[in-house]
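See below for final17.cif, which holds mmCIF, C-alpha atoms.
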```cif
data_input
loop_
_atom_site.group_PDB
_atom_site.id
_atom_site.type_symbol
_atom_site.label_atom_id
_atom_site.label_comp_id
_atom_site.auth_asym_id
_atom_site.auth_seq_id
_atom_site.Cartn_x
_atom_site.Cartn_y
_atom_site.Cartn_z
ATOM 1 C CA MET A 17 62.086 46.347 105.884
ATOM 2 C CA LEU A 18 64.580 43.475 105.523
ATOM 3 C CA ALA A 19 61.725 40.950 105.587
ATOM 4 C CA SER A 20 60.048 42.786 102.697
ATOM 5 C CA VAL A 21 63.277 42.785 100.702
ATOM 6 C CA VAL A 22 63.689 39.029 101.259
ATOM 7 C CA ASP A 23 60.065 38.409 100.278
ATOM 8 C CA SER A 24 60.501 40.401 97.071
ATOM 9 C CA TRP A 25 63.784 38.732 96.193
ATOM 10 C CA LEU A 26 62.441 35.202 96.703
ATOM 11 C CA ALA A 27 59.344 35.921 94.607
ATOM 12 C CA SER A 28 61.423 37.469 91.825
ATOM 13 C CA TRP A 29 63.882 34.581 91.884
ATOM 14 C CA ALA A 30 61.066 32.017 91.608
ATOM 15 C CA TRP A 31 59.660 33.998 88.684
ATOM 16 C CA ARG A 32 62.981 33.909 86.851
ATOM 17 C CA LEU A 33 63.594 30.262 87.758
ATOM 18 C CA HIS A 34 60.361 29.214 86.090
ATOM 19 C CA ALA A 35 60.524 31.772 83.289
ATOM 20 C CA GLY A 36 60.005 29.231 80.499
ATOM 21 C CA ALA A 37 56.874 27.575 81.843
ATOM 22 C CA GLY A 38 55.671 30.769 83.463
ATOM 23 C CA ALA A 39 55.894 32.778 80.280
ATOM 24 C CA ARG A 40 53.509 30.334 78.633
ATOM 25 C CA ALA A 41 51.069 30.216 81.548
ATOM 26 C CA ARG A 42 50.964 33.772 82.853
ATOM 27 C CA PRO A 43 49.864 36.053 80.029
ATOM 28 C CA ALA A 44 48.268 33.452 77.763
ATOM 29 C CA ALA A 45 44.633 33.780 78.842
ATOM 30 C CA SER A 46 42.618 36.504 77.141
ATOM 31 C CA GLY A 47 42.142 39.722 79.080
ATOM 32 C CA PHE A 48 45.207 39.544 81.327
ATOM 33 C CA SER A 49 47.392 42.592 81.865
ATOM 34 C CA TYR A 50 49.854 43.970 84.390
ATOM 35 C CA VAL A 51 49.149 47.169 86.303
ATOM 36 C CA GLU A 52 51.816 49.313 87.909
ATOM 37 C CA THR A 53 51.104 50.030 91.573
ATOM 38 C CA PRO A 54 53.143 51.474 94.473
ATOM 39 C CA ALA A 55 53.944 47.854 95.413
ATOM 40 C CA GLY A 56 55.029 46.736 91.948
ATOM 41 C CA LYS A 57 53.156 45.175 89.039
ATOM 42 C CA VAL A 58 49.993 43.235 89.769
ATOM 43 C CA ARG A 59 48.397 40.765 87.381
ATOM 44 C CA CYS A 60 44.794 41.550 86.474
ATOM 45 C CA ILE A 61 41.982 40.355 84.286
ATOM 46 C CA ASP A 62 39.264 42.712 83.031
ATOM 47 C CA SER A 63 36.052 41.239 81.635
ATOM 48 C CA GLY A 64 35.125 44.536 79.991
ATOM 49 C CA GLY A 65 31.454 45.198 79.443
ATOM 50 C CA LYS A 66 28.981 47.583 80.983
ATOM 51 C CA GLY A 67 27.033 47.732 84.183
ATOM 52 C CA PRO A 68 28.197 47.823 87.809
ATOM 53 C CA VAL A 69 31.892 47.238 88.393
ATOM 54 C CA VAL A 70 32.808 44.389 90.754
ATOM 55 C CA VAL A 71 36.417 43.907 91.862
ATOM 56 C CA PHE A 72 37.619 40.545 93.182
ATOM 57 C CA VAL A 73 40.900 39.727 94.915
ATOM 58 C CA PRO A 74 41.624 35.989 95.418
ATOM 59 C CA ASP A 75 42.514 34.726 98.873
ATOM 60 C CA GLY A 76 45.878 32.975 98.449
ATOM 61 C CA PRO A 77 46.818 30.306 97.619
ATOM 62 C CA ASN A 78 43.895 30.896 95.260
ATOM 63 C CA VAL A 79 44.856 32.918 92.187
ATOM 64 C CA VAL A 80 43.014 34.744 89.412
ATOM 65 C CA GLU A 81 42.585 31.482 87.502
ATOM 66 C CA HIS A 82 40.365 30.132 90.279
ATOM 67 C CA TYR A 83 37.911 32.939 89.456
ATOM 68 C CA GLN A 84 37.537 32.480 85.707
ATOM 69 C CA GLU A 85 34.268 30.528 85.911
ATOM 70 C CA LEU A 86 32.842 33.033 88.386
ATOM 71 C CA ILE A 87 33.846 35.913 86.111
ATOM 72 C CA ALA A 88 32.226 34.211 83.122
ATOM 73 C CA ARG A 89 28.950 33.894 85.053
ATOM 74 C CA MET A 90 28.915 37.624 85.776
ATOM 75 C CA ALA A 91 30.421 39.138 82.633
ATOM 76 C CA SER A 92 27.111 39.532 80.784
ATOM 77 C CA SER A 93 25.627 41.810 83.424
ATOM 78 C CA CYS A 94 28.582 43.716 84.869
ATOM 79 C CA ARG A 95 32.248 44.530 84.473
ATOM 80 C CA VAL A 96 34.528 42.338 86.565
ATOM 81 C CA ILE A 97 38.108 43.155 87.531
ATOM 82 C CA CYS A 98 40.108 40.439 89.296
ATOM 83 C CA PHE A 99 43.720 40.727 90.423
ATOM 84 C CA ASP A 100 46.205 39.061 92.736
ATOM 85 C CA MET A 101 47.540 41.214 95.565
ATOM 86 C CA PRO A 102 51.335 41.646 95.644
ATOM 87 C CA GLY A 103 52.962 38.496 97.004
ATOM 88 C CA PHE A 104 50.326 36.165 95.604
ATOM 89 C CA GLY A 105 49.877 34.502 92.245
ATOM 90 C CA PHE A 106 51.955 36.309 89.650
ATOM 91 C CA SER A 107 51.954 39.713 91.372
ATOM 92 C CA ILE A 108 55.546 40.104 92.558
ATOM 93 C CA PRO A 109 55.821 42.306 95.686
ATOM 94 C CA GLY A 110 58.175 45.257 95.636
ATOM 95 C CA PRO A 111 61.023 45.395 98.180
ATOM 96 C CA ARG A 112 59.178 47.928 100.360
ATOM 97 C CA TYR A 113 55.799 46.207 100.383
ATOM 98 C CA ALA A 114 55.065 45.053 103.931
ATOM 99 C CA HIS A 115 51.360 44.151 103.461
ATOM 100 C CA SER A 116 50.169 47.004 105.678
ATOM 101 C CA LEU A 117 46.583 48.203 105.391
ATOM 102 C CA ASP A 118 47.624 51.522 103.849
ATOM 103 C CA GLN A 119 49.927 49.844 101.335
ATOM 104 C CA GLY A 120 47.264 47.324 100.370
ATOM 105 C CA ALA A 121 44.649 50.043 99.991
ATOM 106 C CA ALA A 122 47.050 51.987 97.756
ATOM 107 C CA VAL A 123 47.351 48.936 95.484
ATOM 108 C CA VAL A 124 43.566 48.681 95.166
ATOM 109 C CA MET A 125 43.258 52.395 94.397
ATOM 110 C CA ALA A 126 46.007 52.143 91.761
ATOM 111 C CA VAL A 127 44.096 49.357 90.002
ATOM 112 C CA LEU A 128 40.860 51.377 90.052
ATOM 113 C CA ASP A 129 42.709 54.396 88.650
ATOM 114 C CA HIS A 130 44.405 52.345 85.933
ATOM 115 C CA PHE A 131 41.098 51.049 84.605
ATOM 116 C CA GLY A 132 39.381 54.427 84.964
ATOM 117 C CA ILE A 133 36.902 53.100 87.520
ATOM 118 C CA GLU A 134 35.257 55.855 89.529
ATOM 119 C CA LYS A 135 33.276 53.584 91.827
ATOM 120 C CA ALA A 136 33.098 49.822 92.382
ATOM 121 C CA THR A 137 31.806 47.071 94.612
ATOM 122 C CA LEU A 138 34.785 45.418 96.311
ATOM 123 C CA ALA A 139 34.324 41.653 96.740
ATOM 124 C CA PHE A 140 37.330 40.633 98.863
ATOM 125 C CA SER A 141 37.844 37.680 101.173
ATOM 126 C CA CYS A 142 39.602 36.761 104.418
ATOM 127 C CA ALA A 143 42.641 38.990 105.143
ATOM 128 C CA ASN A 144 42.124 40.898 101.893
ATOM 129 C CA GLY A 145 38.820 42.110 103.301
ATOM 130 C CA PHE A 146 40.745 44.446 105.607
ATOM 131 C CA TYR A 147 42.313 46.148 102.587
ATOM 132 C CA ALA A 148 38.806 46.643 101.182
ATOM 133 C CA LEU A 149 37.674 48.114 104.504
ATOM 134 C CA ARG A 150 40.645 50.474 104.494
ATOM 135 C CA VAL A 151 39.841 51.648 100.958
ATOM 136 C CA ALA A 152 36.252 52.349 102.026
ATOM 137 C CA ALA A 153 37.489 54.262 105.080
ATOM 138 C CA LEU A 154 39.952 56.353 103.068
ATOM 139 C CA ALA A 155 37.883 56.924 99.925
ATOM 140 C CA PRO A 156 34.213 56.092 100.535
ATOM 141 C CA ALA A 157 33.211 57.904 97.335
ATOM 142 C CA ARG A 158 35.076 55.237 95.334
ATOM 143 C CA VAL A 159 33.231 52.293 96.914
ATOM 144 C CA CYS A 160 29.620 51.383 96.103
ATOM 145 C CA GLY A 161 29.686 48.681 98.732
ATOM 146 C CA LEU A 162 31.688 45.855 100.274
ATOM 147 C CA VAL A 163 30.992 42.151 99.799
ATOM 148 C CA LEU A 164 33.346 40.282 102.111
ATOM 149 C CA SER A 165 33.872 36.551 102.633
ATOM 150 C CA GLN A 166 35.370 34.969 105.794
ATOM 151 C CA THR A 167 36.464 38.377 107.135
ATOM 152 C CA PRO A 168 35.771 38.735 110.879
ATOM 153 C CA SER A 169 37.041 41.570 113.083
ATOM 154 C CA LEU A 170 40.779 42.181 113.013
ATOM 155 C CA GLU A 171 40.985 41.015 116.635
ATOM 156 C CA ALA A 172 39.298 37.746 115.666
ATOM 157 C CA MET A 173 41.670 37.424 112.707
ATOM 158 C CA HIS A 174 44.649 37.826 115.009
ATOM 159 C CA ALA A 175 43.235 35.033 117.193
ATOM 160 C CA TRP A 176 42.782 32.865 114.091
ATOM 161 C CA THR A 177 46.417 33.519 113.127
ATOM 162 C CA ALA A 178 47.651 32.508 116.583
ATOM 163 C CA ARG A 179 45.627 29.315 116.363
ATOM 164 C CA ILE A 180 46.260 28.260 112.748
ATOM 165 C CA VAL A 181 49.478 29.803 111.415
ATOM 166 C CA PRO A 182 52.806 28.228 112.500
ATOM 167 C CA GLY A 183 54.694 30.536 114.828
ATOM 168 C CA VAL A 184 57.815 30.517 112.645
ATOM 169 C CA LEU A 185 55.937 32.425 109.936
ATOM 170 C CA ARG A 186 55.468 35.348 112.312
ATOM 171 C CA ILE A 187 59.241 35.892 112.636
ATOM 172 C CA PRO A 188 60.544 38.450 110.109
ATOM 173 C CA VAL A 189 63.005 37.067 107.552
ATOM 174 C CA VAL A 190 62.956 33.581 109.106
ATOM 175 C CA GLY A 191 59.268 33.359 108.302
ATOM 176 C CA GLN A 192 59.839 34.485 104.722
ATOM 177 C CA LEU A 193 62.521 31.850 104.177
ATOM 178 C CA PHE A 194 60.557 29.069 105.853
ATOM 179 C CA GLY A 195 57.363 30.027 104.000
ATOM 180 C CA TRP A 196 59.117 30.010 100.645
ATOM 181 C CA LEU A 197 60.746 26.611 101.209
ATOM 182 C CA PHE A 198 57.446 25.001 102.195
ATOM 183 C CA ARG A 199 55.058 27.134 100.115
ATOM 184 C CA GLU A 200 53.673 24.271 98.038
ATOM 185 C CA LYS A 201 53.136 21.999 101.035
ATOM 186 C CA ALA A 202 51.439 24.813 102.952
ATOM 187 C CA ALA A 203 49.304 25.899 100.001
ATOM 188 C CA LEU A 204 48.023 22.435 99.132
ATOM 189 C CA GLY A 205 47.598 21.375 102.741
ATOM 190 C CA TRP A 206 45.582 24.499 103.515
ATOM 191 C CA TYR A 207 42.583 23.270 101.529
ATOM 192 C CA ARG A 208 42.109 20.351 103.937
ATOM 193 C CA ALA A 209 41.251 22.760 106.746
ATOM 194 C CA ALA A 210 39.577 25.405 104.603
ATOM 195 C CA LEU A 211 37.007 23.238 102.796
ATOM 196 C CA PRO A 212 34.123 21.336 104.400
ATOM 197 C CA ARG A 213 34.810 17.771 105.438
ATOM 198 C CA GLY A 214 34.443 15.473 102.424
ATOM 199 C CA ALA A 215 34.642 18.279 99.850
ATOM 200 C CA ASP A 216 36.657 17.705 96.678
ATOM 201 C CA ALA A 217 39.790 19.819 97.028
ATOM 202 C CA LYS A 218 41.368 18.653 93.755
ATOM 203 C CA PRO A 219 40.196 21.554 91.527
ATOM 204 C CA PHE A 220 41.504 24.076 94.044
ATOM 205 C CA ARG A 221 44.790 22.246 94.541
ATOM 206 C CA ASP A 222 45.451 21.646 90.845
ATOM 207 C CA THR A 223 45.088 25.330 89.980
ATOM 208 C CA ALA A 224 47.209 26.448 92.943
ATOM 209 C CA ARG A 225 49.897 23.850 92.152
ATOM 210 C CA SER A 226 50.019 24.939 88.523
ATOM 211 C CA ALA A 227 50.554 28.559 89.554
ATOM 212 C CA LEU A 228 53.345 27.659 91.970
ATOM 213 C CA HIS A 229 55.066 25.457 89.387
ATOM 214 C CA CYS A 230 55.034 28.403 86.965
ATOM 215 C CA GLY A 231 56.727 30.729 89.435
ATOM 216 C CA GLY A 232 53.704 32.050 91.295
ATOM 217 C CA CYS A 233 54.208 33.290 94.840
ATOM 218 C CA PHE A 234 52.447 32.652 98.132
ATOM 219 C CA SER A 235 53.762 35.235 100.626
ATOM 220 C CA LEU A 236 51.882 33.944 103.644
ATOM 221 C CA ALA A 237 54.546 35.096 106.100
ATOM 222 C CA GLY A 238 54.463 38.617 104.684
ATOM 223 C CA VAL A 239 50.726 39.134 105.017
ATOM 224 C CA VAL A 240 50.646 37.493 108.461
ATOM 225 C CA GLN A 241 53.430 39.762 109.746
ATOM 226 C CA GLY A 242 51.916 42.832 108.105
ATOM 227 C CA LEU A 243 48.442 42.427 109.577
ATOM 228 C CA LEU A 244 49.700 41.464 113.027
ATOM 229 C CA LYS A 245 51.146 44.980 113.282
ATOM 230 C CA GLU A 246 47.788 46.616 112.578
ATOM 231 C CA PRO A 247 45.893 47.862 115.646
ATOM 232 C CA GLY A 248 42.476 47.715 113.958
ATOM 233 C CA THR A 249 41.923 51.464 113.896
ATOM 234 C CA GLY A 250 41.259 53.389 110.711
ATOM 235 C CA LEU A 251 38.654 50.935 109.440
ATOM 236 C CA ASP A 252 35.552 53.063 110.008
ATOM 237 C CA VAL A 253 33.701 52.816 106.683
ATOM 238 C CA GLY A 254 30.909 55.172 107.711
ATOM 239 C CA GLY A 255 27.741 54.393 105.800
ATOM 240 C CA VAL A 256 29.323 52.309 103.026
ATOM 241 C CA PRO A 257 27.077 49.220 102.621
ATOM 242 C CA CYS A 258 28.627 45.909 103.625
ATOM 243 C CA THR A 259 27.592 42.268 103.301
ATOM 244 C CA LEU A 260 29.618 39.407 104.783
ATOM 245 C CA PHE A 261 29.296 35.860 103.412
ATOM 246 C CA TRP A 262 30.409 33.233 105.896
ATOM 247 C CA GLY A 263 31.016 29.569 105.066
ATOM 248 C CA LYS A 264 30.145 27.577 108.170
ATOM 249 C CA GLY A 265 31.955 24.498 106.830
ATOM 250 C CA ASP A 266 35.341 26.243 107.153
ATOM 251 C CA ARG A 267 36.999 24.119 109.837
ATOM 252 C CA SER A 268 39.875 26.570 110.248
ATOM 253 C CA HIS A 269 37.385 29.212 111.390
ATOM 254 C CA ALA A 270 35.185 26.914 113.477
ATOM 255 C CA PRO A 271 35.678 28.971 116.708
ATOM 256 C CA THR A 272 35.512 32.342 114.909
ATOM 257 C CA ASP A 273 32.397 34.453 115.338
ATOM 258 C CA PRO A 274 31.436 35.978 111.954
ATOM 259 C CA TYR A 275 29.383 38.609 113.773
ATOM 260 C CA SER A 276 32.597 39.961 115.288
ATOM 261 C CA LEU A 277 32.827 42.044 112.088
ATOM 262 C CA LEU A 278 30.004 44.161 113.531
ATOM 263 C CA ALA A 279 32.557 45.668 115.908
ATOM 264 C CA LEU A 280 34.077 47.318 112.818
ATOM 265 C CA VAL A 281 30.960 47.656 110.650
ATOM 266 C CA PRO A 282 27.869 47.763 112.885
ATOM 267 C CA HIS A 283 25.481 47.871 109.928
ATOM 268 C CA ALA A 284 27.019 44.871 108.101
ATOM 269 C CA GLU A 285 24.668 42.168 106.824
ATOM 270 C CA VAL A 286 25.876 38.626 107.614
ATOM 271 C CA ILE A 287 24.824 35.716 105.384
ATOM 272 C CA GLU A 288 25.862 32.274 106.630
ATOM 273 C CA LEU A 289 26.152 29.370 104.178
ATOM 274 C CA ASP A 290 26.007 25.989 105.893
ATOM 275 C CA ASP A 291 27.570 23.912 103.123
ATOM 276 C CA CYS A 292 30.442 26.227 102.148
ATOM 277 C CA GLY A 293 33.908 26.495 103.596
ATOM 278 C CA HIS A 294 36.509 29.245 103.403
ATOM 279 C CA PHE A 295 35.610 30.250 99.839
ATOM 280 C CA PRO A 296 31.827 30.804 99.694
ATOM 281 C CA ASP A 297 32.225 32.923 96.545
ATOM 282 C CA LEU A 298 33.790 29.993 94.674
ATOM 283 C CA GLU A 299 32.126 27.039 96.405
ATOM 284 C CA GLY A 300 28.579 28.422 96.281
ATOM 285 C CA LYS A 301 28.641 30.287 92.953
ATOM 286 C CA GLU A 302 25.022 29.451 92.123
ATOM 287 C CA ARG A 303 23.773 31.280 95.210
ATOM 288 C CA TYR A 304 26.585 33.770 95.637
ATOM 289 C CA VAL A 305 26.381 35.413 92.206
ATOM 290 C CA PRO A 306 22.677 36.410 92.340
ATOM 291 C CA LEU A 307 23.089 37.718 95.878
ATOM 292 C CA LEU A 308 26.200 39.669 94.947
ATOM 293 C CA MET A 309 24.671 41.102 91.776
ATOM 294 C CA ALA A 310 21.489 42.184 93.573
ATOM 295 C CA ARG A 311 23.615 44.221 95.955
ATOM 296 C CA ALA A 312 25.940 45.585 93.267
ATOM 297 C CA ASP A 313 22.898 46.689 91.228
ATOM 298 C CA ARG A 314 21.264 48.346 94.223
ATOM 299 C CA TRP A 315 24.405 50.017 95.506
ATOM 300 C CA SER A 316 25.397 51.314 92.072
ATOM 301 C CA GLY A 317 21.916 52.723 91.473
ATOM 302 C CA ARG A 318 21.262 50.561 88.411
ATOM 303 C CA GLU A 319 17.884 49.419 89.731
ATOM 304 C CA ILE A 320 16.788 53.039 90.079
ATOM 305 C CA ASN A 321 18.146 53.993 86.665
ATOM 306 C CA ALA A 322 16.411 51.053 85.010
ATOM 307 C CA PHE A 323 13.101 52.042 86.624
ATOM 308 C CA GLN A 324 13.442 55.652 85.550
ATOM 309 C CA SER A 325 14.249 54.700 81.953
#
```

Before anything else, please render the file you have as structure tokens.
Amino acid sequence: MLASVVDSWLASWAWRLHAGAGARARPAASGFSYVETPAGKVRCIDSGGKGPVVVFVPDGPNVVEHYQELIARMASSCRVICFDMPGFGFSIPGPRYAHSLDQGAAVVMAVLDHFGIEKATLAFSCANGFYALRVAALAPARVCGLVLSQTPSLEAMHAWTARIVPGVLRIPVVGQLFGWLFREKAALGWYRAALPRGADAKPFRDTARSALHCGGCFSLAGVVQGLLKEPGTGLDVGGVPCTLFWGKGDRSHAPTDPYSLLALVPHAEVIELDDCGHFPDLEGKERYVPLLMARADRWSGREINAFQS
């Protein structure tokens, strides 16, 4: 509990510290709003429009702004909701938010309820994918399907954490303080390991740096500590469709088996992309969008409805 309080206080303090610049950057773009959730306010963008609903959650240090081009590509054929989970971007975590699977799922459900969305395709990546899996396990009627990126089994994710994340970040309170002090260094340095060798990291870094300089948060210690406590049970999604995109150029996940997700979702479809790294949705937009939309159309029943009309 104390670690969550510290995380919330540091994020709120950074917000106030950068209030001038942040106030200009945060709500300026069209379509942004804040949604009340059990974990505090989360910052969202809603493309509006008709068609299947697709919900994205950026994988920090990426923020909603990283997804604006992707949203623009999809907005003519579907409705896109994109929001930062509490502790990332400009979504300040509440003092009781410990990044547990149930708490994260409650945030997702609150966003769906706020926008009046009965059913959606959840397109989440990396650790956020476990929140999507938990939503599908708790409320399968609300989920058309899951499109995950770089989300292996929880056991494999724990192994990745032990290999990649500095041990100090796993210590409650100490990890929060250390992570906050070095958040910009960690965020910008992360792209070196996450992107394929030789890839241009500048667009990713510039957007992440801008968010941090405007008071954005990157609660890496919080999410690491929260997920390490999860035993991996309660993620049975039944028959909810699931596709996993896996960037093979992600050097941080080089030893990770993407097919380990089948231990949680035996029927999951795995699509490997040789030239993408940790963010196949953003790095491979030209291929990712048609593949995502084909599944969102099929899972939502739009293909059937179009044929019948």

What residues come out when you apply the PyMOL selection byres ((chain A and resi 264) around 6) to this file, written as a ChimeraX atom specification?
-> /A:263,265-266,289-290

Find the spatial neighbours of Gly205 of chain A, counting all atoms listed in the file, within a cut-off of 12 Å - ignore same-chain residues fewer than 5 positions away - and output them as a ChimeraX atom specification.
-> /A:77,198-200,210-211,217-218,220-221,224-225,268

Go through the shown structure with the PyMOL selection byres ((chain A and resi 187) around 12) and write out the matching residues as an MDAnalysis selection string.
-> chainID A and resid 18:19 181:186 188:195 236:242 244

Could you save those same residues with C-alpha atoms as a tab-separated table (two decimals), in the frame of the given file?
```tsv
chain	number	residue	atom	x	y	z
A	18	LEU	CA	64.58	43.48	105.52
A	19	ALA	CA	61.72	40.95	105.59
A	181	VAL	CA	49.48	29.80	111.42
A	182	PRO	CA	52.81	28.23	112.50
A	183	GLY	CA	54.69	30.54	114.83
A	184	VAL	CA	57.82	30.52	112.64
A	185	LEU	CA	55.94	32.42	109.94
A	186	ARG	CA	55.47	35.35	112.31
A	188	PRO	CA	60.54	38.45	110.11
A	189	VAL	CA	63.00	37.07	107.55
A	190	VAL	CA	62.96	33.58	109.11
A	191	GLY	CA	59.27	33.36	108.30
A	192	GLN	CA	59.84	34.48	104.72
A	193	LEU	CA	62.52	31.85	104.18
A	194	PHE	CA	60.56	29.07	105.85
A	195	GLY	CA	57.36	30.03	104.00
A	236	LEU	CA	51.88	33.94	103.64
A	237	ALA	CA	54.55	35.10	106.10
A	238	GLY	CA	54.46	38.62	104.68
A	239	VAL	CA	50.73	39.13	105.02
A	240	VAL	CA	50.65	37.49	108.46
A	241	GLN	CA	53.43	39.76	109.75
A	242	GLY	CA	51.92	42.83	108.10
A	244	LEU	CA	49.70	41.46	113.03
```

List the residues matched by the PyMOL selection byres ((chain A and resi 125) around 12) in the displayed structure as number ranges by chain, ordered by chain and then by residue number.
-> A: 51-55, 71, 118-124, 126-136, 138, 147-148, 150-152, 154-159

Based on the selection just made, write C-alpha atoms of those residues as a PDB file, in the frame of the given file.
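The result, written out as result25.pdb:
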```
ATOM      1  CA  VAL A  51      49.149  47.169  86.303  1.00  0.00           C
ATOM      2  CA  GLU A  52      51.816  49.313  87.909  1.00  0.00           C
ATOM      3  CA  THR A  53      51.104  50.030  91.573  1.00  0.00           C
ATOM      4  CA  PRO A  54      53.143  51.474  94.473  1.00  0.00           C
ATOM      5  CA  ALA A  55      53.944  47.854  95.413  1.00  0.00           C
ATOM      6  CA  VAL A  71      36.417  43.907  91.862  1.00  0.00           C
ATOM      7  CA  ASP A 118      47.624  51.522 103.849  1.00  0.00           C
ATOM      8  CA  GLN A 119      49.927  49.844 101.335  1.00  0.00           C
ATOM      9  CA  GLY A 120      47.264  47.324 100.370  1.00  0.00           C
ATOM     10  CA  ALA A 121      44.649  50.043  99.991  1.00  0.00           C
ATOM     11  CA  ALA A 122      47.050  51.987  97.756  1.00  0.00           C
ATOM     12  CA  VAL A 123      47.351  48.936  95.484  1.00  0.00           C
ATOM     13  CA  VAL A 124      43.566  48.681  95.166  1.00  0.00           C
ATOM     14  CA  ALA A 126      46.007  52.143  91.761  1.00  0.00           C
ATOM     15  CA  VAL A 127      44.096  49.357  90.002  1.00  0.00           C
ATOM     16  CA  LEU A 128      40.860  51.377  90.052  1.00  0.00           C
ATOM     17  CA  ASP A 129      42.709  54.396  88.650  1.00  0.00           C
ATOM     18  CA  HIS A 130      44.405  52.345  85.933  1.00  0.00           C
ATOM     19  CA  PHE A 131      41.098  51.049  84.605  1.00  0.00           C
ATOM     20  CA  GLY A 132      39.381  54.427  84.964  1.00  0.00           C
ATOM     21  CA  ILE A 133      36.902  53.100  87.520  1.00  0.00           C
ATOM     22  CA  GLU A 134      35.257  55.855  89.529  1.00  0.00           C
ATOM     23  CA  LYS A 135      33.276  53.584  91.827  1.00  0.00           C
ATOM     24  CA  ALA A 136      33.098  49.822  92.382  1.00  0.00           C
ATOM     25  CA  LEU A 138      34.785  45.418  96.311  1.00  0.00           C
ATOM     26  CA  TYR A 147      42.313  46.148 102.587  1.00  0.00           C
ATOM     27  CA  ALA A 148      38.806  46.643 101.182  1.00  0.00           C
ATOM     28  CA  ARG A 150      40.645  50.474 104.494  1.00  0.00           C
ATOM     29  CA  VAL A 151      39.841  51.648 100.958  1.00  0.00           C
ATOM     30  CA  ALA A 152      36.252  52.349 102.026  1.00  0.00           C
ATOM     31  CA  LEU A 154      39.952  56.353 103.068  1.00  0.00           C
ATOM     32  CA  ALA A 155      37.883  56.924  99.925  1.00  0.00           C
ATOM     33  CA  PRO A 156      34.213  56.092 100.535  1.00  0.00           C
ATOM     34  CA  ALA A 157      33.211  57.904  97.335  1.00  0.00           C
ATOM     35  CA  ARG A 158      35.076  55.237  95.334  1.00  0.00           C
ATOM     36  CA  VAL A 159      33.231  52.293  96.914  1.00  0.00           C
TER      37      VAL A 159
END
```

Atom CA of Ala312 of chain A to atom CA of Leu164 of chain A, distance in Å rounded to a single decimal | 12.7 Å
